[in-house]
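Read through the structure below, which is laid out as structure tokens, and then see the notes.
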Amino acid sequence: MTTVSDNDQDRQSDDKLKELEKRLERFRKTDDKEDLRQLFRSLGLVTSLGATIVISMVLAYFLGAFLDQKFRTHPWMSVICLFGGVAFGGYTAYKLLGPYLK
């Protein structure tokens, strides 16, 4: 047996669904697709920047750890390589952002 509140809740859900369908239809008809493309380009750039910096730091750290083990200089080579990785990641990020900074 359904109660009045269940019927009201179903009616509200149907209204929300219809409103969402109307908004989706408006989106399909407008030129908001260019805005969406720009959003995905921006997200791609941010992802590339983050990945570039993190990957360069991780690779540099492991290179430093390998050199520490080989030359028994723990932790100096790891620290030096880590700073080098940060510098290289920053430089690469700057190069990626170059066209957008002008």
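Following the order of the structure tokens, first chain is A, next is B, and so on, with residues numbered from 1 inside each chain and ligands from 1 in the order they appear.
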
Within 8 Å of A:Gly64, counting only C-alpha atoms, which residues qualify if same-chain residues fewer than 2 places away don't, as a list in words?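 With the cut-off at 8 Å, the set is Ala60, Tyr61, Phe62, Phe66, Leu67, Asp68, Trp76, Met77, Ser78, Val79, Ile80, Cys81 and Leu82 of chain A.
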
Can those selected residues be exported to a file as a JSON list (two decimals), in the first residue's frame so that it contains C-alpha atoms?
[["chain", "number", "residue", "atom", "x", "y", "z"],
["A", 60, "ALA", "CA", 64.68, 11.51, -10.21],
["A", 61, "TYR", "CA", 64.18, 10.13, -6.70],
["A", 62, "PHE", "CA", 64.62, 6.54, -7.87],
["A", 66, "PHE", "CA", 70.02, 3.87, -7.12],
["A", 67, "LEU", "CA", 73.08, 6.13, -7.00],
["A", 68, "ASP", "CA", 72.94, 6.17, -3.18],
["A", 76, "TRP", "CA", 72.49, 12.71, -0.40],
["A", 77, "MET", "CA", 72.09, 11.59, -3.99],
["A", 78, "SER", "CA", 68.36, 11.01, -3.45],
["A", 79, "VAL", "CA", 67.92, 14.53, -2.12],
["A", 80, "ILE", "CA", 70.03, 16.10, -4.86],
["A", 81, "CYS", "CA", 68.23, 14.17, -7.61],
["A", 82, "LEU", "CA", 64.86, 14.96, -6.07]]

My list of candidates is A:Ala51, A:Met57, A:Leu43, A:Leu24. Which is closest to A:Ala87 when distances are computed with only C-alpha atoms? A:Met57

Point-to-point distance in Å for atom CA of A:Gly89 and atom CA of A:Leu49: 8.5 Å

Using only C-alpha atoms, which protein or nucleic acid residues come within 10 Å of A:Leu45? Drop anything in the same chain fewer than 4 positions from it, and give the result as a list in words.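 What passes the distance filter is Leu39, Phe40, Arg41, Leu49, Gly50, Ala51, Ala93, Leu96 and Leu97 of chain A.
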
Work out how far atom CA of A:Ile55 is from atom CA of A:His74, in Å to one decimal. 21.7 Å
